[in-house]
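This report concerns only the one structure given below.
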Amino acid sequence: MKEQKEEIVTVRLAVKGDLRWIKRVNESCLSENYDERLYINFFYNYPGLVWVAEHKKKIIGYIMVELRGLKIMRAHIWSIAVMSKFRGHGIGTNLMNVVETQLVDVHNIQFITLHVRQSNIRGLRLYASTMKYNVKQSIPEYYDDKESAVYMVKYFVKTHDK
Ligand SMILES: CC(C)(COP(=O)(O)OP(=O)(O)OC[C@H]1O[C@@H](n2cnc3c(N)ncnc32)[C@H](O)[C@@H]1OP(=O)(O)O)[C@@H](O)C(=O)NCCC(=O)NCCS
């Protein structure tokens, strides 16, 4: 198994004071950036679904997940990022695993979806090879800069495809 910086990186639920650091990690890792109010609203709308990776009391990664659906509970990975110098040590995988466990055990989620840029090789490897998400479809010009998204899904119980 790949060595992980377990002794120095902790994954825990976010608290409100983490939000501005999550915003900074987002801005250093992704081109989809958001106003501070969006993080605050997200935090209150989806309690228990914002997690952070912490190293020496600094936030170095995060994952944010939306709950969707009424009859069939599903979730959508809204954003995940790990600061570049900490990548490749299993932190992204750990964030995904923690959230999947929470979603299935606490929220009874039947499937999880996500979008990833078609050029995002690291993201695609994390989702497809490591986390076993399947490609559902390609969505042309999904992003503001017109890049296509790969829409992926992972089922946790058998359900009809929607
Ligand atoms: C995608 C991301 C969150 C992965 O985080 P991470 O902590 O590096 O992930 P892990 O260390 O758990 O690695 C998971 C997989 O990613 C791939 N990966 C990680 N680092 C890599 C690197 N430097 N080069 C190529 N692939 C890499 C590997 O396939 C790895 O799987 P493996 O266990 O088979 O080697 C991180 O690269 C990131 O923040 N990227 C920028 C933001 C982003 O793209 N977010 C996703 C938007 S949809």
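We label chains A, B, ... in the order they appear in the structure tokens, count residues from 1 in each chain, and number ligands from 1 in the order shown.
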For Val50 of chain A, find every residue with an atom within 8 Å (counting only C-alpha atoms), except residues of its own chain fewer than 2 positions away, and show them as a PDB file with N, CA and C atoms, in the first residue's frame.
ATOM      1  N   LEU A  13     -13.938  16.952  10.054  1.00  0.00           N
ATOM      2  CA  LEU A  13     -15.047  17.808   9.630  1.00  0.00           C
ATOM      3  C   LEU A  13     -14.621  19.272   9.701  1.00  0.00           C
ATOM      4  N   ALA A  14     -15.057  20.052   8.723  1.00  0.00           N
ATOM      5  CA  ALA A  14     -14.731  21.482   8.745  1.00  0.00           C
ATOM      6  C   ALA A  14     -15.548  22.200   9.818  1.00  0.00           C
ATOM      7  N   PHE A  43     -21.797  25.512   3.796  1.00  0.00           N
ATOM      8  CA  PHE A  43     -21.482  24.942   5.121  1.00  0.00           C
ATOM      9  C   PHE A  43     -22.760  24.738   5.947  1.00  0.00           C
ATOM     10  N   TYR A  46     -25.326  22.095   4.044  1.00  0.00           N
ATOM     11  CA  TYR A  46     -24.908  20.682   4.019  1.00  0.00           C
ATOM     12  C   TYR A  46     -24.045  20.370   5.240  1.00  0.00           C
ATOM     13  N   PRO A  47     -24.665  20.388   6.422  1.00  0.00           N
ATOM     14  CA  PRO A  47     -23.880  20.130   7.634  1.00  0.00           C
ATOM     15  C   PRO A  47     -23.283  18.721   7.595  1.00  0.00           C
ATOM     16  N   GLY A  48     -22.048  18.639   7.992  1.00  0.00           N
ATOM     17  CA  GLY A  48     -21.379  17.336   8.012  1.00  0.00           C
ATOM     18  C   GLY A  48     -20.838  16.910   6.664  1.00  0.00           C
ATOM     19  N   VAL A  52     -12.021  18.695   5.839  1.00  0.00           N
ATOM     20  CA  VAL A  52     -10.722  19.274   5.509  1.00  0.00           C
ATOM     21  C   VAL A  52      -9.597  18.300   5.843  1.00  0.00           C
ATOM     22  N   TYR A  62      -9.482  19.897   0.957  1.00  0.00           N
ATOM     23  CA  TYR A  62     -10.885  19.894   1.394  1.00  0.00           C
ATOM     24  C   TYR A  62     -11.717  19.077   0.415  1.00  0.00           C
ATOM     25  N   ILE A  63     -12.894  18.699   0.873  1.00  0.00           N
ATOM     26  CA  ILE A  63     -13.915  18.130  -0.019  1.00  0.00           C
ATOM     27  C   ILE A  63     -15.267  18.665   0.425  1.00  0.00           C
ATOM     28  N   MET A  64     -16.093  19.025  -0.553  1.00  0.00           N
ATOM     29  CA  MET A  64     -17.438  19.555  -0.270  1.00  0.00           C
ATOM     30  C   MET A  64     -18.439  18.747  -1.088  1.00  0.00           C
ATOM     31  N   VAL A  65     -19.498  18.288  -0.433  1.00  0.00           N
ATOM     32  CA  VAL A  65     -20.446  17.392  -1.083  1.00  0.00           C
ATOM     33  C   VAL A  65     -21.873  17.901  -0.899  1.00  0.00           C
TER      34      VAL A  65
END
**OP:** Could the residues that lie within 7 Å of ligand 1, counting only C-alpha atoms and all ligand atoms, be listed as a PyMOL selection string?
**Re:** chain A and resi 2+29-30+79-84+86-94+115-117+120-123+125-126+129-130
**OP:** Could you tell me, as a VMD selection string, which residues of chain A DSSP assigns to alpha helix (DSSP H) when given the backbone?
**Re:** chain A and resid 19 to 29 36 to 45 91 to 107 121 to 124
Limited to N, CA and C atoms, could you put the picked residues into a file as a short mmCIF file (atom, residue, chain, number, x, y, z; two decimals), in the first residue's frame?
data_model
loop_
_atom_site.label_atom_id
_atom_site.label_comp_id
_atom_site.auth_asym_id
_atom_site.auth_seq_id
_atom_site.Cartn_x
_atom_site.Cartn_y
_atom_site.Cartn_z
N LEU A 19 -13.47 27.98 6.67
CA LEU A 19 -14.00 28.28 5.34
C LEU A 19 -13.09 29.20 4.53
N ARG A 20 -12.51 30.19 5.19
CA ARG A 20 -11.67 31.10 4.41
C ARG A 20 -10.40 30.42 3.92
N TRP A 21 -9.96 29.38 4.66
CA TRP A 21 -8.78 28.63 4.22
C TRP A 21 -9.16 27.66 3.11
N ILE A 22 -10.36 27.13 3.19
CA ILE A 22 -10.85 26.27 2.10
C ILE A 22 -10.90 27.10 0.82
N LYS A 23 -11.40 28.33 0.95
CA LYS A 23 -11.47 29.22 -0.21
C LYS A 23 -10.07 29.44 -0.81
N ARG A 24 -9.10 29.61 0.05
CA ARG A 24 -7.73 29.83 -0.45
C ARG A 24 -7.18 28.59 -1.14
N VAL A 25 -7.44 27.42 -0.56
CA VAL A 25 -6.97 26.18 -1.21
C VAL A 25 -7.65 26.05 -2.57
N ASN A 26 -8.95 26.32 -2.60
CA ASN A 26 -9.68 26.26 -3.87
C ASN A 26 -9.04 27.17 -4.91
N GLU A 27 -8.73 28.39 -4.48
CA GLU A 27 -8.18 29.37 -5.44
C GLU A 27 -6.79 28.98 -5.93
N SER A 28 -6.05 28.26 -5.09
CA SER A 28 -4.71 27.87 -5.53
C SER A 28 -4.72 26.59 -6.37
N CYS A 29 -5.86 25.88 -6.39
CA CYS A 29 -5.88 24.58 -7.07
C CYS A 29 -6.80 24.51 -8.28
N GLU A 36 -17.00 34.26 -0.83
CA GLU A 36 -16.98 33.74 0.55
C GLU A 36 -18.38 33.31 1.02
N ARG A 37 -19.41 34.07 0.59
CA ARG A 37 -20.78 33.74 1.04
C ARG A 37 -21.21 32.37 0.57
N LEU A 38 -20.74 31.98 -0.61
CA LEU A 38 -21.12 30.65 -1.11
C LEU A 38 -20.61 29.56 -0.16
N TYR A 39 -19.40 29.74 0.33
CA TYR A 39 -18.85 28.72 1.26
C TYR A 39 -19.66 28.69 2.55
N ILE A 40 -20.04 29.87 3.01
CA ILE A 40 -20.81 29.92 4.26
C ILE A 40 -22.17 29.26 4.06
N ASN A 41 -22.84 29.60 2.94
CA ASN A 41 -24.15 28.99 2.66
C ASN A 41 -24.02 27.48 2.52
N PHE A 42 -23.00 27.05 1.81
CA PHE A 42 -22.78 25.61 1.61
C PHE A 42 -22.61 24.93 2.97
N PHE A 43 -21.80 25.51 3.80
CA PHE A 43 -21.48 24.94 5.12
C PHE A 43 -22.76 24.74 5.95
N TYR A 44 -23.67 25.72 5.88
CA TYR A 44 -24.91 25.60 6.67
C TYR A 44 -25.95 24.73 5.96
N ASN A 45 -25.95 24.72 4.64
CA ASN A 45 -26.93 23.90 3.90
C ASN A 45 -26.60 22.42 3.96
N ILE A 91 -3.98 11.66 0.14
CA ILE A 91 -4.87 12.56 0.89
C ILE A 91 -6.21 12.73 0.15
N GLY A 92 -6.14 12.89 -1.17
CA GLY A 92 -7.38 12.97 -1.95
C GLY A 92 -8.22 11.71 -1.79
N THR A 93 -7.57 10.57 -1.86
CA THR A 93 -8.27 9.29 -1.67
C THR A 93 -8.90 9.23 -0.29
N ASN A 94 -8.15 9.66 0.71
CA ASN A 94 -8.64 9.63 2.09
C ASN A 94 -9.87 10.53 2.24
N LEU A 95 -9.82 11.74 1.67
CA LEU A 95 -10.98 12.64 1.73
C LEU A 95 -12.20 11.99 1.08
N MET A 96 -11.99 11.38 -0.07
CA MET A 96 -13.11 10.72 -0.77
C MET A 96 -13.67 9.57 0.07
N ASN A 97 -12.78 8.76 0.65
CA ASN A 97 -13.24 7.61 1.44
C ASN A 97 -14.03 8.04 2.67
N VAL A 98 -13.54 9.07 3.34
CA VAL A 98 -14.24 9.56 4.55
C VAL A 98 -15.64 10.02 4.19
N VAL A 99 -15.74 10.77 3.09
CA VAL A 99 -17.03 11.31 2.70
C VAL A 99 -17.97 10.20 2.21
N GLU A 100 -17.45 9.25 1.47
CA GLU A 100 -18.30 8.15 1.01
C GLU A 100 -18.88 7.39 2.21
N THR A 101 -18.05 7.13 3.19
CA THR A 101 -18.53 6.41 4.38
C THR A 101 -19.64 7.20 5.06
N GLN A 102 -19.42 8.50 5.22
CA GLN A 102 -20.41 9.38 5.84
C GLN A 102 -21.72 9.36 5.04
N LEU A 103 -21.60 9.46 3.72
CA LEU A 103 -22.79 9.54 2.87
C LEU A 103 -23.59 8.24 2.92
N VAL A 104 -22.92 7.13 2.90
CA VAL A 104 -23.62 5.85 2.86
C VAL A 104 -24.17 5.52 4.26
N ASP A 105 -23.34 5.67 5.29
CA ASP A 105 -23.75 5.25 6.64
C ASP A 105 -24.76 6.22 7.26
N VAL A 106 -24.56 7.50 7.07
CA VAL A 106 -25.41 8.48 7.76
C VAL A 106 -26.57 8.94 6.87
N HIS A 107 -26.31 9.13 5.60
CA HIS A 107 -27.33 9.72 4.72
C HIS A 107 -28.00 8.71 3.80
N ILE A 121 -6.10 14.75 -15.69
CA ILE A 121 -5.65 13.36 -15.61
C ILE A 121 -5.59 12.87 -14.16
N ARG A 122 -5.10 13.71 -13.27
CA ARG A 122 -5.01 13.30 -11.86
C ARG A 122 -6.39 13.04 -11.27
N GLY A 123 -7.29 13.97 -11.57
CA GLY A 123 -8.67 13.80 -11.09
C GLY A 123 -9.29 12.54 -11.65
N LEU A 124 -9.15 12.33 -12.94
CA LEU A 124 -9.74 11.14 -13.58
C LEU A 124 -9.15 9.86 -12.98
#
**OP:** Work out how far apart atom CA of Leu114 of chain A and atom CA of Ile8 of chain A are and give it in Å to one decimal.
**Re:** 28.5 Å
Original post:
By how many Å are atom CA of Val11 of chain A and atom CA of Glu54 of chain A apart?
Top reply: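 Calculated distance between atom CA of Val11 of chain A and atom CA of Glu54 of chain A is 6.3 Å.
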Skip Val157 of chain A itself and residues of its chain fewer than 2 positions away, then list as a PDB file with C-alpha atoms, in the first residue's frame all residues within 9 Å of it, counting only C-alpha atoms.
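This is the output file selection-v1.pdb:
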ATOM      1  CA  ILE A 109     -26.941   7.617  -0.246  1.00  0.00           C
ATOM      2  CA  GLN A 110     -27.487   5.294  -3.197  1.00  0.00           C
ATOM      3  CA  PHE A 111     -25.121   6.905  -5.641  1.00  0.00           C
ATOM      4  CA  TYR A 155     -23.477   3.243  -7.081  1.00  0.00           C
ATOM      5  CA  THR A 159     -30.961   1.230  -8.393  1.00  0.00           C
TER       6      THR A 159
END
**OP:** Just list the residues in segment 28-144 of chain A DSSP gives strand (DSSP E) on the backbone, as a PyMOL selection string.
**Re:** chain A and resi 50-55+58-68+74-82+111-117+134-139
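Using only C-alpha atoms, the shortest contact distance between Val153 of chain A and any of A:Val9, A:Ile59, A:Leu49, A:Ile112 is found at A:Ile112.
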**OP:** Choose the residue, out of A:Glu32, A:Glu66, A:Val15, A:Thr10, that has the smallest atom-to-atom separation from Asp144 of chain A; count only C-alpha atoms.
**Re:**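 Using only C-alpha atoms, Asp144 of chain A sits closest to A:Glu32.
The gap separating atom CA of Gly69 of chain A from atom CA of Glu147 of chain A is 27.0 Å, in Å to one decimal.
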Original post:
Hey, what's within 7 Å of Lys136 of chain A if we count only C-alpha atoms and toss same-chain stuff fewer than 2 positions away? As a PyMOL selection string, please?
Top reply: chain A and resi 134+151-153
Subject >> Residue nearest Ala75 of chain A among A:Ser148, A:Lys58, A:Lys154, A:Thr113 (counting only C-alpha atoms) >> reply: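 For Ala75 of chain A, the nearest of the candidates is A:Thr113.
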